[in-house]
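Please read the structure below before turning to the comments.
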Amino acid sequence: MSALATVAPWLRCPRCAQDVGVEDRVLRCSAGHSFDIARQGYVNLLSRPAGAAADDAAMVAARADVLDSGTYTPISRALVAMATSLALPDGVVVDVGAGTGHYTAAVLDALRKRHGVALDLSAHAARRAARAHPRLASMVADVWAGLPVRDGAAALVLDVFAPRNAEEFARVLAPGGHVVVVTPAPDHLTELVTALGLPRVDPHKAERLAQTFTGFVPGPVHSVRRTLTVDAATAALLARMGPGAHHVTPERLEDLAGGTDPVEVTLAVDVAAFRRG
């Protein structure tokens with residue numbers, strides 16, 4: 001059975017919120033709405049094109065290269081440590097803004113009896129996430145249009161550098177379920193931000209995060225701080241993999257990638273848990 005067919009009982013139709021099932025490579029709800037499953041294994045649930053808000057192919061490829069290189073392994077380890085430390089109810093793992101599915105796969109490896117749902121606005125990301133883990137179903141969806149997950153079906157919601165719709169997170173979480181959020185600290189990649197003129201992280205991001213989850217019970221926060229030494233090509237990928245890349249010319253990124261000297265960059269993120277009461 002495919003991962004999508006396995007998680008279908010925890011899903012709902014994004015158009016009418018009815019139950020769904022998988023039949024003949026189609027995800028179909030009881031009201032007749034249907035969504036074709038792509039040959040790569042993911043399903044697109046959007047009612048209209050994602051537009052410029054979705055990560056393009058180059059951004060997704062850069063992210064995949066960085067994650068495969070192990071540069072962000074400290075983040076994966078911290079995320080897994082947080083997820084495995086929590087007392088979770090029954091339910092699936094939902095990763096909102098899952099990207100390539102790299103972090104979701106790491107969590108599912110640790111939570112061996114769980115199945116996962118990877119949601120991302122980018123079809124380029126969803127294609128990769130569909131191959132990330134045998135227990136992970138991949139979908140193109142918009143967090144602001146409502147999650148295609150049934151009420152109370154999720155034990156854990158992951159949100160790594162992604163939009164946060166706290167109202168929807170509360171709806172899909174079972175009582176006692178948790179959201180684990182990874183956010184950049186103000187000094188994250190500060191060397192690249194300064195050198196390339198990338199947008200800076202809001203210094204009040206932690207306060208705004210707490211306000212977003214005012215209806216949840218705040219849990220532990222783990223800070224990840226490292227000074228990394230990477231080659232020039234990896235430094236350019238770090239700049240290219242996020243939305244800040246839109247603020248830098250391709251020529252400037254190519255110049256950075258062509259350097260011969262090692263580059264020091266600061267890895268600084270916070271991993272925070274919030275429990276649904």
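Within each chain, counting starts at residue 1; across the structure tokens, chains are named A, B, ... in the order shown, with ligands numbered 1 upward in that order.
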Worksheet item: Could you pull out all residues of range 62-171 of chain A with a DSSP call of strand (DSSP E or B) and give them as a VMD selection string?
Response: chain A and resid 92 to 96 116 to 120 136 to 140 149 154 to 160
Restricting it to N, CA and C atoms, dump the selection as a PDB file, in the first residue's frame.
ATOM      1  N   VAL A  92      -0.942  11.098  13.104  1.00  0.00           N
ATOM      2  CA  VAL A  92       0.120  11.231  12.107  1.00  0.00           C
ATOM      3  C   VAL A  92       1.020  12.421  12.428  1.00  0.00           C
ATOM      4  N   VAL A  93       2.163  12.445  11.743  1.00  0.00           N
ATOM      5  CA  VAL A  93       3.074  13.585  11.779  1.00  0.00           C
ATOM      6  C   VAL A  93       2.807  14.425  10.542  1.00  0.00           C
ATOM      7  N   VAL A  94       2.482  15.689  10.731  1.00  0.00           N
ATOM      8  CA  VAL A  94       2.197  16.592   9.620  1.00  0.00           C
ATOM      9  C   VAL A  94       3.298  17.637   9.549  1.00  0.00           C
ATOM     10  N   ASP A  95       3.980  17.706   8.416  1.00  0.00           N
ATOM     11  CA  ASP A  95       5.043  18.698   8.227  1.00  0.00           C
ATOM     12  C   ASP A  95       4.529  19.766   7.272  1.00  0.00           C
ATOM     13  N   VAL A  96       4.380  20.976   7.793  1.00  0.00           N
ATOM     14  CA  VAL A  96       3.859  22.098   7.015  1.00  0.00           C
ATOM     15  C   VAL A  96       5.041  22.885   6.449  1.00  0.00           C
ATOM     16  N   GLY A 116       3.581   9.903   8.078  1.00  0.00           N
ATOM     17  CA  GLY A 116       3.707  11.346   7.924  1.00  0.00           C
ATOM     18  C   GLY A 116       3.020  11.883   6.692  1.00  0.00           C
ATOM     19  N   VAL A 117       2.699  13.180   6.770  1.00  0.00           N
ATOM     20  CA  VAL A 117       2.113  13.930   5.663  1.00  0.00           C
ATOM     21  C   VAL A 117       2.988  15.154   5.433  1.00  0.00           C
ATOM     22  N   ALA A 118       3.567  15.254   4.241  1.00  0.00           N
ATOM     23  CA  ALA A 118       4.403  16.400   3.886  1.00  0.00           C
ATOM     24  C   ALA A 118       3.591  17.348   3.013  1.00  0.00           C
ATOM     25  N   LEU A 119       3.466  18.587   3.453  1.00  0.00           N
ATOM     26  CA  LEU A 119       2.692  19.602   2.723  1.00  0.00           C
ATOM     27  C   LEU A 119       3.607  20.742   2.320  1.00  0.00           C
ATOM     28  N   ASP A 120       3.534  21.139   1.068  1.00  0.00           N
ATOM     29  CA  ASP A 120       4.334  22.268   0.608  1.00  0.00           C
ATOM     30  C   ASP A 120       3.624  22.934  -0.559  1.00  0.00           C
ATOM     31  N   LEU A 136       5.917   8.364   4.249  1.00  0.00           N
ATOM     32  CA  LEU A 136       5.600   9.790   4.087  1.00  0.00           C
ATOM     33  C   LEU A 136       4.809  10.021   2.807  1.00  0.00           C
ATOM     34  N   ALA A 137       3.612  10.595   2.940  1.00  0.00           N
ATOM     35  CA  ALA A 137       2.793  10.992   1.802  1.00  0.00           C
ATOM     36  C   ALA A 137       3.025  12.471   1.514  1.00  0.00           C
ATOM     37  N   SER A 138       3.156  12.813   0.231  1.00  0.00           N
ATOM     38  CA  SER A 138       3.523  14.173  -0.162  1.00  0.00           C
ATOM     39  C   SER A 138       2.387  14.837  -0.933  1.00  0.00           C
ATOM     40  N   MET A 139       2.113  16.094  -0.560  1.00  0.00           N
ATOM     41  CA  MET A 139       1.018  16.835  -1.195  1.00  0.00           C
ATOM     42  C   MET A 139       1.409  18.290  -1.402  1.00  0.00           C
ATOM     43  N   VAL A 140       0.893  18.861  -2.485  1.00  0.00           N
ATOM     44  CA  VAL A 140       1.005  20.303  -2.710  1.00  0.00           C
ATOM     45  C   VAL A 140      -0.234  20.943  -2.100  1.00  0.00           C
ATOM     46  N   VAL A 149      -6.191  17.838   6.396  1.00  0.00           N
ATOM     47  CA  VAL A 149      -6.055  16.862   7.481  1.00  0.00           C
ATOM     48  C   VAL A 149      -7.304  16.957   8.363  1.00  0.00           C
ATOM     49  N   ALA A 154      -3.717  14.648  13.929  1.00  0.00           N
ATOM     50  CA  ALA A 154      -2.260  14.763  14.018  1.00  0.00           C
ATOM     51  C   ALA A 154      -1.779  14.672  15.461  1.00  0.00           C
ATOM     52  N   ALA A 155      -0.723  13.901  15.650  1.00  0.00           N
ATOM     53  CA  ALA A 155      -0.043  13.867  16.944  1.00  0.00           C
ATOM     54  C   ALA A 155       1.002  14.963  17.037  1.00  0.00           C
ATOM     55  N   LEU A 156       1.587  15.308  15.885  1.00  0.00           N
ATOM     56  CA  LEU A 156       2.712  16.236  15.850  1.00  0.00           C
ATOM     57  C   LEU A 156       2.657  17.028  14.550  1.00  0.00           C
ATOM     58  N   VAL A 157       2.789  18.328  14.667  1.00  0.00           N
ATOM     59  CA  VAL A 157       2.931  19.204  13.501  1.00  0.00           C
ATOM     60  C   VAL A 157       4.337  19.793  13.520  1.00  0.00           C
ATOM     61  N   LEU A 158       5.048  19.634  12.426  1.00  0.00           N
ATOM     62  CA  LEU A 158       6.376  20.212  12.266  1.00  0.00           C
ATOM     63  C   LEU A 158       6.274  21.465  11.404  1.00  0.00           C
ATOM     64  N   ASP A 159       7.035  22.473  11.766  1.00  0.00           N
ATOM     65  CA  ASP A 159       7.068  23.716  10.993  1.00  0.00           C
ATOM     66  C   ASP A 159       8.502  24.233  11.025  1.00  0.00           C
ATOM     67  N   VAL A 160       9.231  23.962   9.944  1.00  0.00           N
ATOM     68  CA  VAL A 160      10.648  24.311   9.861  1.00  0.00           C
ATOM     69  C   VAL A 160      10.820  25.431   8.848  1.00  0.00           C
TER      70      VAL A 160
END
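Every protein, DNA or RNA residue with an atom at most 12 Å from Ser69 in chain A, where only C-alpha atoms count and chain neighbours fewer than 3 positions away do not, is listed here: A:Ala62, A:Arg63, A:Ala64, A:Asp65, A:Val66, A:Tyr72, A:Thr73, A:His102, A:Val230, A:Asp231, A:Ala233, A:Thr234, A:Ala235, A:Leu237, A:Leu238.
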Suppose we keep N, CA, C and O atoms; can you now write the selection as an mmCIF file, in the first residue's frame?
data_model
loop_
_atom_site.group_PDB
_atom_site.id
_atom_site.type_symbol
_atom_site.label_atom_id
_atom_site.label_comp_id
_atom_site.auth_asym_id
_atom_site.auth_seq_id
_atom_site.Cartn_x
_atom_site.Cartn_y
_atom_site.Cartn_z
ATOM 1 N N ALA A 62 18.862 23.739 -4.504
ATOM 2 C CA ALA A 62 19.891 24.233 -3.592
ATOM 3 C C ALA A 62 19.659 23.698 -2.184
ATOM 4 O O ALA A 62 20.606 23.290 -1.493
ATOM 5 N N ARG A 63 18.406 23.688 -1.759
ATOM 6 C CA ARG A 63 18.095 23.174 -0.422
ATOM 7 C C ARG A 63 18.446 21.696 -0.312
ATOM 8 O O ARG A 63 19.020 21.250 0.690
ATOM 9 N N ALA A 64 18.113 20.935 -1.349
ATOM 10 C CA ALA A 64 18.429 19.506 -1.333
ATOM 11 C C ALA A 64 19.929 19.281 -1.238
ATOM 12 O O ALA A 64 20.395 18.409 -0.492
ATOM 13 N N ASP A 65 20.701 20.072 -1.980
ATOM 14 C CA ASP A 65 22.162 19.911 -1.947
ATOM 15 C C ASP A 65 22.724 20.234 -0.561
ATOM 16 O O ASP A 65 23.616 19.534 -0.059
ATOM 17 N N VAL A 66 22.218 21.305 0.061
ATOM 18 C CA VAL A 66 22.690 21.684 1.395
ATOM 19 C C VAL A 66 22.342 20.600 2.413
ATOM 20 O O VAL A 66 23.175 20.184 3.221
ATOM 21 N N TYR A 72 23.317 21.088 7.579
ATOM 22 C CA TYR A 72 22.256 21.395 8.538
ATOM 23 C C TYR A 72 21.925 20.208 9.454
ATOM 24 O O TYR A 72 20.873 20.190 10.103
ATOM 25 N N THR A 73 22.824 19.256 9.543
ATOM 26 C CA THR A 73 22.593 18.113 10.434
ATOM 27 C C THR A 73 22.310 18.531 11.883
ATOM 28 O O THR A 73 21.468 17.901 12.547
ATOM 29 N N HIS A 102 13.185 16.231 3.968
ATOM 30 C CA HIS A 102 14.395 15.805 4.672
ATOM 31 C C HIS A 102 14.164 15.726 6.185
ATOM 32 O O HIS A 102 14.495 14.699 6.819
ATOM 33 N N VAL A 230 32.487 26.370 5.575
ATOM 34 C CA VAL A 230 32.022 25.689 4.366
ATOM 35 C C VAL A 230 32.807 26.200 3.166
ATOM 36 O O VAL A 230 33.436 27.266 3.213
ATOM 37 N N ASP A 231 32.761 25.445 2.089
ATOM 38 C CA ASP A 231 33.411 25.931 0.878
ATOM 39 C C ASP A 231 32.516 26.978 0.214
ATOM 40 O O ASP A 231 31.350 27.156 0.576
ATOM 41 N N ALA A 233 31.137 27.135 -2.701
ATOM 42 C CA ALA A 233 29.959 26.630 -3.403
ATOM 43 C C ALA A 233 28.810 26.395 -2.428
ATOM 44 O O ALA A 233 27.649 26.723 -2.722
ATOM 45 N N THR A 234 29.111 25.839 -1.244
ATOM 46 C CA THR A 234 28.074 25.601 -0.251
ATOM 47 C C THR A 234 27.540 26.914 0.307
ATOM 48 O O THR A 234 26.331 27.055 0.556
ATOM 49 N N ALA A 235 28.410 27.892 0.486
ATOM 50 C CA ALA A 235 27.962 29.208 0.948
ATOM 51 C C ALA A 235 26.952 29.806 -0.025
ATOM 52 O O ALA A 235 25.936 30.388 0.381
ATOM 53 N N LEU A 237 25.007 28.114 -2.051
ATOM 54 C CA LEU A 237 23.772 27.336 -1.933
ATOM 55 C C LEU A 237 22.950 27.783 -0.727
ATOM 56 O O LEU A 237 21.721 27.855 -0.794
ATOM 57 N N LEU A 238 23.624 28.081 0.380
ATOM 58 C CA LEU A 238 22.918 28.565 1.574
ATOM 59 C C LEU A 238 22.169 29.860 1.276
ATOM 60 O O LEU A 238 21.064 30.083 1.781
#
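Comparing the minimum interatomic distances between Gly97 in chain A and each of A:Trp144, A:Phe161, A:Tyr42, A:Phe35, counting only C-alpha atoms, we find that A:Phe161 sits nearest.
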Worksheet item: Which residues come within 9 Å of Ala87 in chain A, counting only C-alpha atoms, excluding same-chain residues fewer than 2 positions away, as a ChimeraX atom specification?
Response: /A:83-85,89,176-178
Now that the selection is made, can you save its residues with N, CA, C and O atoms as a short mmCIF file (atom, residue, chain, number, x, y, z; two decimals), in the first residue's frame?
data_model
loop_
_atom_site.label_atom_id
_atom_site.label_comp_id
_atom_site.auth_asym_id
_atom_site.auth_seq_id
_atom_site.Cartn_x
_atom_site.Cartn_y
_atom_site.Cartn_z
N ALA A 83 11.29 16.09 19.10
CA ALA A 83 10.11 15.29 18.78
C ALA A 83 10.04 14.03 19.62
O ALA A 83 8.96 13.62 20.07
N THR A 84 11.17 13.39 19.85
CA THR A 84 11.18 12.13 20.60
C THR A 84 11.07 12.35 22.11
O THR A 84 10.83 11.40 22.86
N SER A 85 11.26 13.58 22.56
CA SER A 85 11.15 13.86 24.00
C SER A 85 9.72 14.14 24.44
O SER A 85 9.44 14.18 25.64
N PRO A 89 0.13 11.90 21.53
CA PRO A 89 -1.04 11.03 21.41
C PRO A 89 -0.98 10.24 20.10
O PRO A 89 -0.02 10.36 19.34
N GLY A 176 -3.44 17.14 23.43
CA GLY A 176 -2.12 16.74 23.89
C GLY A 176 -1.08 16.68 22.79
O GLY A 176 0.09 16.40 23.07
N GLY A 177 -1.49 16.93 21.55
CA GLY A 177 -0.53 16.96 20.45
C GLY A 177 0.33 18.20 20.50
O GLY A 177 0.01 19.19 21.18
N HIS A 178 1.44 18.18 19.78
CA HIS A 178 2.40 19.27 19.83
C HIS A 178 2.71 19.84 18.44
O HIS A 178 2.66 19.12 17.44
#
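You will find CA of Gly21 in chain A at 9.1 Å from CA of Val7 in chain A.
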Item to complete: Name the residues in contact with Leu108 in chain A at a cut-off of 9 Å, using only C-alpha atoms, excluding same-chain residues fewer than 3 positions from it; report them as an NGL selection string.
Response: :A and (80 or 93 or 103-105 or 111-116 or 133 or 135-136)
Taking all heavy atoms for each residue, export the selection above as a short mmCIF file (atom, residue, chain, number, x, y, z; two decimals), in the first residue's frame.
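See selection-v9.cif below for the written result:
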data_model
loop_
_atom_site.label_atom_id
_atom_site.label_comp_id
_atom_site.auth_asym_id
_atom_site.auth_seq_id
_atom_site.Cartn_x
_atom_site.Cartn_y
_atom_site.Cartn_z
N VAL A 80 14.78 16.15 15.88
CA VAL A 80 14.48 14.77 16.28
C VAL A 80 14.51 14.62 17.80
O VAL A 80 13.64 13.97 18.39
CB VAL A 80 15.48 13.79 15.62
CG1 VAL A 80 15.36 12.40 16.23
CG2 VAL A 80 15.24 13.72 14.12
N VAL A 93 2.16 12.44 11.74
CA VAL A 93 3.07 13.59 11.78
C VAL A 93 2.81 14.42 10.54
O VAL A 93 2.86 13.92 9.41
CB VAL A 93 4.55 13.12 11.79
CG1 VAL A 93 5.49 14.32 11.73
CG2 VAL A 93 4.83 12.27 13.02
N TYR A 103 13.60 16.78 6.76
CA TYR A 103 13.40 16.80 8.21
C TYR A 103 12.30 15.83 8.62
O TYR A 103 12.40 15.16 9.66
CB TYR A 103 13.06 18.20 8.68
CG TYR A 103 14.16 19.21 8.47
CD1 TYR A 103 14.02 20.25 7.57
CD2 TYR A 103 15.36 19.11 9.18
CE1 TYR A 103 15.04 21.18 7.37
CE2 TYR A 103 16.38 20.03 8.99
CZ TYR A 103 16.22 21.06 8.09
OH TYR A 103 17.23 21.96 7.89
N THR A 104 11.24 15.75 7.81
CA THR A 104 10.15 14.81 8.13
C THR A 104 10.67 13.39 8.17
O THR A 104 10.31 12.59 9.05
CB THR A 104 9.04 14.89 7.07
OG1 THR A 104 9.14 16.11 6.35
CG2 THR A 104 7.68 14.76 7.71
N ALA A 105 11.52 13.04 7.19
CA ALA A 105 12.07 11.69 7.13
C ALA A 105 12.90 11.38 8.37
O ALA A 105 12.84 10.27 8.91
CB ALA A 105 12.91 11.52 5.87
N LEU A 111 10.55 8.10 15.02
CA LEU A 111 9.21 7.70 15.49
C LEU A 111 8.74 6.56 14.58
O LEU A 111 7.94 6.76 13.67
CB LEU A 111 8.25 8.89 15.44
CG LEU A 111 8.65 10.11 16.26
CD1 LEU A 111 7.64 11.24 16.07
CD2 LEU A 111 8.80 9.77 17.74
N ARG A 112 9.21 5.38 14.85
CA ARG A 112 9.12 4.26 13.91
C ARG A 112 7.70 3.79 13.61
O ARG A 112 7.46 3.16 12.57
CB ARG A 112 9.96 3.09 14.41
CG ARG A 112 11.45 3.41 14.50
CD ARG A 112 12.26 2.23 15.02
NE ARG A 112 13.67 2.57 15.12
CZ ARG A 112 14.54 2.47 14.11
NH1 ARG A 112 14.11 2.06 12.93
NH2 ARG A 112 15.80 2.79 14.29
N LYS A 113 6.76 4.05 14.49
CA LYS A 113 5.39 3.58 14.26
C LYS A 113 4.48 4.65 13.68
O LYS A 113 3.28 4.40 13.49
CB LYS A 113 4.80 3.06 15.58
CG LYS A 113 5.53 1.84 16.13
CD LYS A 113 4.87 1.31 17.39
CE LYS A 113 5.59 0.07 17.90
NZ LYS A 113 4.95 -0.48 19.13
N ARG A 114 5.04 5.80 13.38
CA ARG A 114 4.23 6.90 12.86
C ARG A 114 4.28 6.97 11.33
O ARG A 114 5.24 6.55 10.70
CB ARG A 114 4.74 8.24 13.42
CG ARG A 114 4.82 8.31 14.93
CD ARG A 114 3.47 8.57 15.56
NE ARG A 114 3.58 8.63 17.01
CZ ARG A 114 2.60 9.00 17.82
NH1 ARG A 114 1.43 9.34 17.31
NH2 ARG A 114 2.77 9.00 19.13
N HIS A 115 3.23 7.53 10.76
CA HIS A 115 3.20 7.88 9.35
C HIS A 115 3.16 9.40 9.23
O HIS A 115 2.77 10.10 10.17
CB HIS A 115 1.99 7.25 8.66
CG HIS A 115 2.12 5.77 8.48
ND1 HIS A 115 1.87 4.89 9.51
CD2 HIS A 115 2.48 5.02 7.41
CE1 HIS A 115 2.07 3.65 9.08
NE2 HIS A 115 2.44 3.70 7.81
N GLY A 116 3.58 9.90 8.08
CA GLY A 116 3.71 11.35 7.92
C GLY A 116 3.02 11.88 6.69
O GLY A 116 2.79 11.17 5.70
N HIS A 133 10.72 9.21 2.17
CA HIS A 133 10.55 8.17 3.20
C HIS A 133 9.36 7.30 2.82
O HIS A 133 8.34 7.80 2.34
CB HIS A 133 10.31 8.82 4.57
CG HIS A 133 10.52 7.90 5.72
ND1 HIS A 133 9.57 6.98 6.11
CD2 HIS A 133 11.57 7.74 6.57
CE1 HIS A 133 10.01 6.30 7.15
NE2 HIS A 133 11.22 6.74 7.46
N ARG A 135 7.14 5.96 4.61
CA ARG A 135 5.92 6.23 5.40
C ARG A 135 5.47 7.68 5.30
O ARG A 135 4.71 8.17 6.14
CB ARG A 135 6.17 5.87 6.87
CG ARG A 135 6.17 4.37 7.13
CD ARG A 135 6.34 4.01 8.60
NE ARG A 135 7.75 3.97 8.98
CZ ARG A 135 8.33 4.78 9.85
NH1 ARG A 135 7.61 5.71 10.46
NH2 ARG A 135 9.60 4.66 10.13
N LEU A 136 5.92 8.36 4.25
CA LEU A 136 5.60 9.79 4.09
C LEU A 136 4.81 10.02 2.81
O LEU A 136 5.27 9.69 1.71
CB LEU A 136 6.89 10.61 4.05
CG LEU A 136 6.73 12.12 3.88
CD1 LEU A 136 5.97 12.72 5.06
CD2 LEU A 136 8.11 12.79 3.76
#
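Shortest separation to Leu27 in chain A among A:Leu192, A:Ala268, A:Leu4, A:Ile75 occurs at residue A:Leu4, atoms counted being only C-alpha atoms.
Between CA of Leu228 in chain A and CA of Ala185 in chain A there is a distance of 15.4 Å.
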Discussion item. Quick check for you: according to DSSP on this backbone, which residues of range 29-239 of chain A are classed as helix (DSSP H, G or I)? Reply as a PyMOL selection string.
Written reply: chain A and resi 51-53+57-69+73-85+102-110+123-129+143-145+166-172+190-196+205-212+232-239
Item to complete: May I have the residues within 12 Å of Gln40 in chain A as a VMD selection string, using only C-alpha atoms and disregarding those fewer than 4 positions away in the same chain?
Response: chain A and resid 25 36 44 123 to 132 137 to 139
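Take the candidates A:Leu121, A:Ala58, A:Leu147, A:Val248 and check each one against Cys16 in chain A using only C-alpha atoms; the shortest distance goes to A:Leu147.
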Worksheet item: So which one's closest to Ala52 in chain A, A:Glu167, A:Gly244, A:Ala174, A:Ser122? Using only C-alpha atoms, please.
Response: A:Ser122
Can you write out as CSV which residues of range 66-181 of chain A fall within 6 Å of range 270-273 of chain A, alongside each residue's closest atom pair and its distance in Å to one decimal, counting only C-alpha atoms and ordering rows by chain and ascending residue number?
residue,atom,partner,partner_atom,distance
A:Val179,CA,A:Ala273,CA,5.7
A:Val180,CA,A:Ala273,CA,4.5
A:Val181,CA,A:Ala272,CA,5.2
Worksheet item: Within 12 Å of Arg150 in chain A, counting only C-alpha atoms, which residues qualify if same-chain residues fewer than 6 places away don't, as a PyMOL selection string?
Response: chain A and resi 7-14+16-20+91-92+94+117+168-174
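Minimum distance to Thr100 in chain A across A:Ala5, A:Leu196, A:Ala232, A:Met241 (counting only C-alpha atoms) occurs at A:Met241.
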